[in-house]
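So this one's data-v5.txt, compact mmCIF, N, CA and C atoms:
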# COMPACT_ATOMS: atom_id res chain seq x y z
N MET A 25 -5.87 2.79 -31.13
CA MET A 25 -5.09 1.83 -30.38
C MET A 25 -5.37 0.44 -30.89
N SER A 26 -4.33 -0.38 -30.82
CA SER A 26 -4.49 -1.75 -31.26
C SER A 26 -4.04 -2.70 -30.16
N THR A 27 -4.58 -3.89 -30.19
CA THR A 27 -4.18 -4.90 -29.23
C THR A 27 -3.06 -5.71 -29.84
N GLY A 28 -2.05 -6.00 -29.05
CA GLY A 28 -0.91 -6.72 -29.59
C GLY A 28 -0.27 -7.59 -28.54
N VAL A 29 0.91 -8.02 -28.83
CA VAL A 29 1.68 -8.87 -27.93
C VAL A 29 2.91 -8.09 -27.50
N ILE A 30 3.17 -8.11 -26.21
CA ILE A 30 4.32 -7.40 -25.67
C ILE A 30 5.14 -8.38 -24.86
N PHE A 31 6.45 -8.32 -25.02
CA PHE A 31 7.35 -9.13 -24.22
C PHE A 31 7.88 -8.28 -23.08
N ILE A 32 7.85 -8.83 -21.89
CA ILE A 32 8.38 -8.16 -20.71
C ILE A 32 9.49 -9.04 -20.18
N LEU A 33 10.58 -8.43 -19.76
CA LEU A 33 11.70 -9.21 -19.24
C LEU A 33 11.42 -9.60 -17.79
N GLY A 34 11.55 -10.87 -17.50
CA GLY A 34 11.37 -11.38 -16.15
C GLY A 34 12.70 -11.52 -15.46
N LYS A 35 12.72 -12.27 -14.35
CA LYS A 35 13.96 -12.50 -13.61
C LYS A 35 14.95 -13.22 -14.51
N GLY A 36 16.18 -12.81 -14.43
CA GLY A 36 17.22 -13.43 -15.23
C GLY A 36 17.22 -13.00 -16.68
N GLY A 37 16.37 -12.04 -17.05
CA GLY A 37 16.33 -11.53 -18.42
C GLY A 37 15.53 -12.38 -19.38
N SER A 38 14.81 -13.40 -18.87
CA SER A 38 14.02 -14.24 -19.77
C SER A 38 12.72 -13.52 -20.12
N PRO A 39 12.31 -13.56 -21.40
CA PRO A 39 11.10 -12.84 -21.80
C PRO A 39 9.83 -13.53 -21.31
N ILE A 40 8.88 -12.71 -20.87
CA ILE A 40 7.56 -13.18 -20.46
C ILE A 40 6.57 -12.60 -21.46
N LEU A 41 5.67 -13.42 -21.96
CA LEU A 41 4.69 -12.99 -22.95
C LEU A 41 3.47 -12.40 -22.25
N ALA A 42 3.08 -11.20 -22.63
CA ALA A 42 1.87 -10.57 -22.09
C ALA A 42 0.98 -10.22 -23.26
N SER A 43 0.02 -11.07 -23.56
CA SER A 43 -0.83 -10.82 -24.72
C SER A 43 -2.07 -10.05 -24.31
N GLY A 44 -2.72 -9.44 -25.28
CA GLY A 44 -3.94 -8.69 -25.03
C GLY A 44 -3.70 -7.32 -24.45
N VAL A 45 -2.47 -6.86 -24.45
CA VAL A 45 -2.14 -5.55 -23.92
C VAL A 45 -2.39 -4.51 -25.00
N LYS A 46 -3.04 -3.43 -24.63
CA LYS A 46 -3.34 -2.39 -25.62
C LYS A 46 -2.11 -1.55 -25.88
N SER A 47 -1.83 -1.34 -27.15
CA SER A 47 -0.70 -0.53 -27.54
C SER A 47 -1.09 0.93 -27.56
N THR A 48 -0.19 1.79 -27.11
CA THR A 48 -0.48 3.23 -27.11
C THR A 48 0.32 3.96 -28.18
N TRP A 49 0.91 3.21 -29.13
CA TRP A 49 1.67 3.84 -30.20
C TRP A 49 0.71 4.53 -31.16
N PRO A 50 1.05 5.73 -31.61
CA PRO A 50 0.19 6.43 -32.56
C PRO A 50 -0.04 5.61 -33.82
N GLN A 51 -1.25 5.74 -34.37
CA GLN A 51 -1.56 4.99 -35.58
C GLN A 51 -0.63 5.40 -36.71
N GLY A 52 -0.18 4.43 -37.45
CA GLY A 52 0.73 4.70 -38.56
C GLY A 52 2.19 4.62 -38.17
N SER A 53 2.49 4.61 -36.85
CA SER A 53 3.89 4.48 -36.44
C SER A 53 4.09 3.08 -35.89
N SER A 54 5.31 2.62 -35.98
CA SER A 54 5.58 1.28 -35.49
C SER A 54 6.22 1.35 -34.12
N ALA A 55 5.93 0.37 -33.31
CA ALA A 55 6.52 0.28 -31.98
C ALA A 55 7.99 -0.09 -32.11
N PRO A 56 8.81 0.31 -31.13
CA PRO A 56 10.21 -0.06 -31.21
C PRO A 56 10.36 -1.58 -31.15
N GLY A 57 11.41 -2.10 -31.74
CA GLY A 57 11.63 -3.53 -31.77
C GLY A 57 11.97 -4.09 -30.40
N PHE A 58 11.83 -5.40 -30.28
CA PHE A 58 12.09 -6.07 -29.01
C PHE A 58 13.52 -5.83 -28.54
N SER A 59 14.47 -5.85 -29.46
CA SER A 59 15.86 -5.67 -29.05
C SER A 59 16.09 -4.27 -28.49
N THR A 60 15.42 -3.26 -29.06
CA THR A 60 15.56 -1.89 -28.56
C THR A 60 14.99 -1.79 -27.15
N ILE A 61 13.83 -2.37 -26.92
CA ILE A 61 13.21 -2.33 -25.60
C ILE A 61 14.09 -3.07 -24.60
N ALA A 62 14.59 -4.23 -25.01
CA ALA A 62 15.45 -5.01 -24.13
C ALA A 62 16.71 -4.24 -23.76
N GLU A 63 17.29 -3.53 -24.73
CA GLU A 63 18.49 -2.74 -24.47
C GLU A 63 18.20 -1.61 -23.49
N LEU A 64 17.05 -0.96 -23.64
CA LEU A 64 16.68 0.12 -22.72
C LEU A 64 16.46 -0.40 -21.31
N VAL A 65 15.76 -1.52 -21.20
CA VAL A 65 15.51 -2.12 -19.89
C VAL A 65 16.83 -2.52 -19.24
N THR A 66 17.71 -3.13 -20.01
CA THR A 66 19.01 -3.55 -19.49
C THR A 66 19.82 -2.33 -19.03
N ALA A 67 19.84 -1.28 -19.84
CA ALA A 67 20.59 -0.07 -19.48
C ALA A 67 20.04 0.54 -18.19
N ASN A 68 18.72 0.63 -18.06
CA ASN A 68 18.13 1.20 -16.86
C ASN A 68 18.36 0.32 -15.64
N THR A 69 18.37 -0.99 -15.83
CA THR A 69 18.60 -1.91 -14.73
C THR A 69 20.02 -1.78 -14.21
N ILE A 70 20.97 -1.58 -15.10
CA ILE A 70 22.37 -1.44 -14.69
C ILE A 70 22.52 -0.28 -13.71
N TYR A 71 21.87 0.84 -13.98
CA TYR A 71 22.04 2.02 -13.15
C TYR A 71 21.36 1.89 -11.79
N THR A 72 20.40 0.99 -11.66
CA THR A 72 19.73 0.84 -10.37
C THR A 72 20.32 -0.29 -9.54
N THR A 73 21.06 -1.21 -10.15
CA THR A 73 21.61 -2.34 -9.41
C THR A 73 23.12 -2.27 -9.25
N LYS A 74 23.81 -1.65 -10.13
CA LYS A 74 25.27 -1.59 -10.11
C LYS A 74 25.73 -0.52 -9.13
N GLU A 75 26.63 -0.88 -8.21
CA GLU A 75 27.10 0.07 -7.20
C GLU A 75 28.26 0.92 -7.70
N VAL A 76 29.16 0.34 -8.48
CA VAL A 76 30.33 1.05 -8.97
C VAL A 76 30.15 1.31 -10.46
N LEU A 77 30.27 2.57 -10.87
CA LEU A 77 30.05 2.96 -12.26
C LEU A 77 31.36 3.42 -12.90
N THR A 78 31.50 3.16 -14.18
CA THR A 78 32.62 3.67 -14.95
C THR A 78 32.36 5.14 -15.28
N SER A 79 33.31 5.81 -15.88
CA SER A 79 33.13 7.21 -16.26
C SER A 79 31.98 7.37 -17.25
N ASP A 80 31.91 6.48 -18.25
CA ASP A 80 30.82 6.55 -19.23
C ASP A 80 29.47 6.38 -18.55
N GLU A 81 29.37 5.38 -17.68
CA GLU A 81 28.11 5.11 -17.00
C GLU A 81 27.73 6.24 -16.06
N ALA A 82 28.71 6.78 -15.34
CA ALA A 82 28.44 7.88 -14.40
C ALA A 82 27.95 9.12 -15.14
N ALA A 83 28.58 9.45 -16.27
CA ALA A 83 28.17 10.62 -17.04
C ALA A 83 26.75 10.44 -17.56
N GLN A 84 26.45 9.26 -18.07
CA GLN A 84 25.10 9.00 -18.57
C GLN A 84 24.10 8.99 -17.42
N TYR A 85 24.46 8.41 -16.29
CA TYR A 85 23.58 8.35 -15.12
C TYR A 85 23.21 9.75 -14.63
N MET A 86 24.21 10.66 -14.64
CA MET A 86 23.97 12.01 -14.15
C MET A 86 23.45 12.95 -15.23
N GLY A 87 23.49 12.52 -16.48
CA GLY A 87 22.99 13.35 -17.57
C GLY A 87 23.93 14.48 -17.94
N ILE A 88 25.23 14.24 -17.81
CA ILE A 88 26.22 15.25 -18.17
C ILE A 88 27.18 14.65 -19.19
N SER A 89 27.97 15.49 -19.82
CA SER A 89 28.95 15.00 -20.80
C SER A 89 30.16 14.42 -20.07
N LYS A 90 30.88 13.55 -20.77
CA LYS A 90 32.09 12.97 -20.19
C LYS A 90 33.14 14.03 -19.93
N SER A 91 33.20 15.04 -20.79
CA SER A 91 34.21 16.09 -20.58
C SER A 91 33.91 16.90 -19.32
N TYR A 92 32.64 17.14 -19.03
CA TYR A 92 32.29 17.87 -17.81
C TYR A 92 32.56 17.00 -16.58
N LEU A 93 32.29 15.71 -16.68
CA LEU A 93 32.59 14.79 -15.58
C LEU A 93 34.10 14.78 -15.32
N TYR A 94 34.89 14.76 -16.39
CA TYR A 94 36.35 14.80 -16.26
C TYR A 94 36.78 16.09 -15.56
N LYS A 95 36.17 17.20 -15.93
CA LYS A 95 36.51 18.49 -15.32
C LYS A 95 36.20 18.47 -13.82
N LEU A 96 35.05 17.88 -13.45
CA LEU A 96 34.68 17.80 -12.04
C LEU A 96 35.66 16.94 -11.25
N THR A 97 36.13 15.85 -11.87
CA THR A 97 37.09 14.99 -11.17
C THR A 97 38.44 15.68 -11.03
N MET A 98 38.89 16.38 -12.05
CA MET A 98 40.18 17.06 -11.99
C MET A 98 40.18 18.20 -10.97
N ARG A 99 39.04 18.84 -10.78
CA ARG A 99 38.92 19.91 -9.79
C ARG A 99 38.74 19.35 -8.37
N GLY A 100 38.49 18.05 -8.27
CA GLY A 100 38.24 17.44 -6.97
C GLY A 100 36.89 17.78 -6.41
N GLU A 101 35.93 18.09 -7.26
CA GLU A 101 34.61 18.51 -6.82
C GLU A 101 33.64 17.34 -6.67
N ILE A 102 33.98 16.18 -7.22
CA ILE A 102 33.06 15.05 -7.19
C ILE A 102 33.81 13.84 -6.64
N PRO A 103 33.17 13.05 -5.77
CA PRO A 103 33.87 11.89 -5.21
C PRO A 103 34.11 10.82 -6.28
N HIS A 104 35.32 10.33 -6.35
CA HIS A 104 35.66 9.30 -7.32
C HIS A 104 36.84 8.48 -6.81
N TYR A 105 37.09 7.37 -7.49
CA TYR A 105 38.15 6.44 -7.10
C TYR A 105 39.03 6.14 -8.30
N LYS A 106 40.32 5.98 -8.05
CA LYS A 106 41.29 5.60 -9.10
C LYS A 106 42.14 4.47 -8.56
N PRO A 107 41.59 3.26 -8.53
CA PRO A 107 42.33 2.15 -7.93
C PRO A 107 43.61 1.78 -8.68
N MET A 108 43.66 1.99 -9.97
CA MET A 108 44.84 1.64 -10.75
C MET A 108 45.60 2.88 -11.21
N GLY A 109 45.19 4.03 -10.73
CA GLY A 109 45.88 5.26 -11.05
C GLY A 109 45.44 5.95 -12.32
N LYS A 110 44.68 5.28 -13.16
CA LYS A 110 44.29 5.89 -14.43
C LYS A 110 42.78 5.96 -14.59
N MET A 111 42.12 4.84 -14.54
CA MET A 111 40.67 4.80 -14.77
C MET A 111 39.92 5.29 -13.53
N CYS A 112 38.88 6.12 -13.76
CA CYS A 112 38.06 6.63 -12.68
C CYS A 112 36.82 5.76 -12.52
N TYR A 113 36.46 5.53 -11.26
CA TYR A 113 35.24 4.81 -10.93
C TYR A 113 34.46 5.64 -9.93
N PHE A 114 33.15 5.46 -9.94
CA PHE A 114 32.27 6.26 -9.10
C PHE A 114 31.31 5.36 -8.35
N ASN A 115 31.07 5.67 -7.08
CA ASN A 115 30.08 4.95 -6.28
C ASN A 115 28.73 5.61 -6.54
N ARG A 116 27.76 4.82 -6.96
CA ARG A 116 26.45 5.36 -7.33
C ARG A 116 25.80 6.11 -6.17
N ALA A 117 25.88 5.55 -4.95
CA ALA A 117 25.26 6.19 -3.78
C ALA A 117 25.93 7.54 -3.50
N GLU A 118 27.25 7.61 -3.65
CA GLU A 118 27.96 8.88 -3.44
C GLU A 118 27.60 9.90 -4.51
N LEU A 119 27.39 9.44 -5.75
CA LEU A 119 26.97 10.36 -6.82
C LEU A 119 25.59 10.94 -6.52
N GLU A 120 24.68 10.08 -6.05
CA GLU A 120 23.34 10.56 -5.71
C GLU A 120 23.39 11.58 -4.58
N GLU A 121 24.22 11.29 -3.58
CA GLU A 121 24.37 12.22 -2.46
C GLU A 121 24.96 13.55 -2.94
N TRP A 122 25.98 13.47 -3.81
CA TRP A 122 26.60 14.67 -4.34
C TRP A 122 25.61 15.48 -5.18
N LEU A 123 24.80 14.78 -5.99
CA LEU A 123 23.82 15.48 -6.83
C LEU A 123 22.79 16.22 -5.98
N GLN A 124 22.49 15.67 -4.81
CA GLN A 124 21.46 16.28 -3.96
C GLN A 124 22.04 17.24 -2.92
N SER A 125 23.32 17.49 -2.98
CA SER A 125 23.93 18.44 -2.05
C SER A 125 23.67 19.87 -2.52
N ASN A 126 23.87 20.80 -1.61
CA ASN A 126 23.70 22.21 -1.93
C ASN A 126 22.29 22.53 -2.42
N ARG A 127 21.30 22.05 -1.67
CA ARG A 127 19.90 22.25 -2.00
C ARG A 127 19.54 23.73 -1.96
N VAL A 128 18.73 24.16 -2.91
CA VAL A 128 18.26 25.53 -2.97
C VAL A 128 16.88 25.58 -2.31
N ALA A 129 16.72 26.47 -1.34
CA ALA A 129 15.46 26.59 -0.62
C ALA A 129 14.39 27.22 -1.50
N THR A 130 13.14 26.82 -1.26
CA THR A 130 12.02 27.40 -1.99
C THR A 130 11.71 28.79 -1.43
N ALA A 131 10.94 29.55 -2.15
CA ALA A 131 10.57 30.90 -1.71
C ALA A 131 9.80 30.83 -0.39
N THR A 132 8.96 29.83 -0.22
CA THR A 132 8.19 29.67 1.01
C THR A 132 9.11 29.39 2.20
N GLU A 133 10.10 28.53 2.00
CA GLU A 133 11.05 28.23 3.08
C GLU A 133 11.85 29.47 3.47
N ILE A 134 12.24 30.26 2.50
CA ILE A 134 12.99 31.49 2.78
C ILE A 134 12.11 32.48 3.54
N ALA A 135 10.86 32.59 3.13
CA ALA A 135 9.93 33.50 3.82
C ALA A 135 9.70 33.04 5.26
N ASP A 136 9.57 31.73 5.47
CA ASP A 136 9.39 31.20 6.83
C ASP A 136 10.60 31.50 7.70
N ARG A 137 11.80 31.34 7.15
CA ARG A 137 13.03 31.65 7.90
C ARG A 137 13.09 33.13 8.25
N ALA A 138 12.70 33.96 7.29
CA ALA A 138 12.71 35.41 7.53
C ALA A 138 11.72 35.77 8.64
N ASN A 139 10.54 35.16 8.63
CA ASN A 139 9.55 35.43 9.67
C ASN A 139 10.06 34.96 11.03
N GLN A 140 10.69 33.80 11.09
CA GLN A 140 11.23 33.29 12.34
C GLN A 140 12.33 34.20 12.86
N TYR A 141 13.16 34.69 11.97
CA TYR A 141 14.24 35.60 12.35
C TYR A 141 13.67 36.90 12.92
N CYS A 142 12.66 37.43 12.25
CA CYS A 142 12.05 38.68 12.71
C CYS A 142 11.35 38.50 14.05
N MET A 143 10.75 37.34 14.26
CA MET A 143 10.05 37.08 15.52
C MET A 143 11.04 36.99 16.68
N LYS A 144 12.23 36.45 16.44
CA LYS A 144 13.25 36.34 17.50
C LYS A 144 13.82 37.70 17.86
N ARG A 145 13.85 38.63 16.91
CA ARG A 145 14.45 39.95 17.12
C ARG A 145 13.54 40.87 17.94
N LYS A 146 12.26 40.52 18.09
CA LYS A 146 11.34 41.41 18.81
C LYS A 146 11.51 41.34 20.29

Render the structure in this file as structure tokens.
Amino acid sequence: MSTGVIFILGKGGSPILASGVKSTWPQGSSAPGFSTIAELVTANTIYTTKEVLTSDEAAQYMGISKSYLYKLTMRGEIPHYKPMGKMCYFNRAELEEWLQSNRVATATEIADRANQYCMKRK
């Protein structure tokens, strides 16, 4: 490990210098450039602060392909909006709710339900 200088983005996207930070990059490999890190931070910030997502952003946010997202919208399986009749927009909170719907119970929860059911039948 080596000691180096790292830039961290502060409020408003202005870089803050943090010197003396130990790097965890493997020896012989180079750390990603500042622009790459800034792009990643910006991309991740968009998904946590932006309420309305485009189709591209929604597909990336959910980790699915655009074609699968299109299929879900055409089937009416996913909540979406078409304010101008053509472009689809998605509410981030509704996407999160949709992603967490239809929860699969764990084996322990199923066993507990079975025990409760059997106890009521006695």

Exercise. Could you tell me how far CA of Met86 in chain A lies from atom C of Ala62 in chain A, in Å and to one decimal?
Key: 20.2 Å

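If all atoms listed in the file are the atoms counted, then among A:Asn126, A:Leu77, A:Asn139, A:Asn68 the closest residue to Phe114 in chain A is A:Leu77.
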
Practice problem: Output as JSON, numbers by chain all residues of range 59-103 of chain A that backbone DSSP marks as alpha helix (DSSP H). | Solution: {"A": [59, 60, 61, 62, 63, 64, 65, 66, 67, 68, 69, 70, 71, 72, 73, 79, 80, 81, 82, 83, 84, 85, 86, 90, 91, 92, 93, 94, 95, 96, 97, 98, 99]}

Quiz item: Can you list, as a list in words, every protein, DNA or RNA residue that comes within 6.5 Å of Cys112 in chain A when you count all atoms listed in the file, leaving out same-chain residues fewer than 3 positions away?
Solution: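 Close residues of Cys112 in chain A: Leu77, Thr78, Ser79, His104, Tyr105, Lys106 and Pro107 of chain A.
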
Take the selection from the previous step and output its residues with N, CA and C atoms, as a PDB file, in the frame of the given file.
ATOM      1  N   LEU A  77      30.270   2.570 -10.870  1.00  0.00           N
ATOM      2  CA  LEU A  77      30.050   2.960 -12.260  1.00  0.00           C
ATOM      3  C   LEU A  77      31.360   3.420 -12.900  1.00  0.00           C
ATOM      4  N   THR A  78      31.500   3.160 -14.180  1.00  0.00           N
ATOM      5  CA  THR A  78      32.620   3.670 -14.950  1.00  0.00           C
ATOM      6  C   THR A  78      32.360   5.140 -15.280  1.00  0.00           C
ATOM      7  N   SER A  79      33.310   5.810 -15.880  1.00  0.00           N
ATOM      8  CA  SER A  79      33.130   7.210 -16.260  1.00  0.00           C
ATOM      9  C   SER A  79      31.980   7.370 -17.250  1.00  0.00           C
ATOM     10  N   HIS A 104      35.320  10.330  -6.350  1.00  0.00           N
ATOM     11  CA  HIS A 104      35.660   9.300  -7.320  1.00  0.00           C
ATOM     12  C   HIS A 104      36.840   8.480  -6.810  1.00  0.00           C
ATOM     13  N   TYR A 105      37.090   7.370  -7.490  1.00  0.00           N
ATOM     14  CA  TYR A 105      38.150   6.440  -7.100  1.00  0.00           C
ATOM     15  C   TYR A 105      39.030   6.140  -8.300  1.00  0.00           C
ATOM     16  N   LYS A 106      40.320   5.980  -8.050  1.00  0.00           N
ATOM     17  CA  LYS A 106      41.290   5.600  -9.100  1.00  0.00           C
ATOM     18  C   LYS A 106      42.140   4.470  -8.560  1.00  0.00           C
ATOM     19  N   PRO A 107      41.590   3.260  -8.530  1.00  0.00           N
ATOM     20  CA  PRO A 107      42.330   2.150  -7.930  1.00  0.00           C
ATOM     21  C   PRO A 107      43.610   1.780  -8.680  1.00  0.00           C
TER      22      PRO A 107
END

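What separates atom N of Tyr92 in chain A from atom C of Asp80 in chain A is a distance of 11.2 Å.
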
Quiz item: Separation of CA of Val65 in chain A and CA of Pro103 in chain A, in Å?
Solution: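 Computed distance, CA of Val65 in chain A to CA of Pro103 in chain A, equals 27.4 Å.
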
Practice problem: Excluding Glu81 in chain A and any residue of its chain fewer than 4 positions from it, enumerate the residues within 12 Å of it, using only C-alpha atoms, and give them as JSON, numbers by chain. | Solution: {"A": [67, 68, 70, 71, 72, 74, 75, 76, 77, 85, 86, 87, 88, 89, 90, 93, 112, 113, 114, 115, 116, 119]}
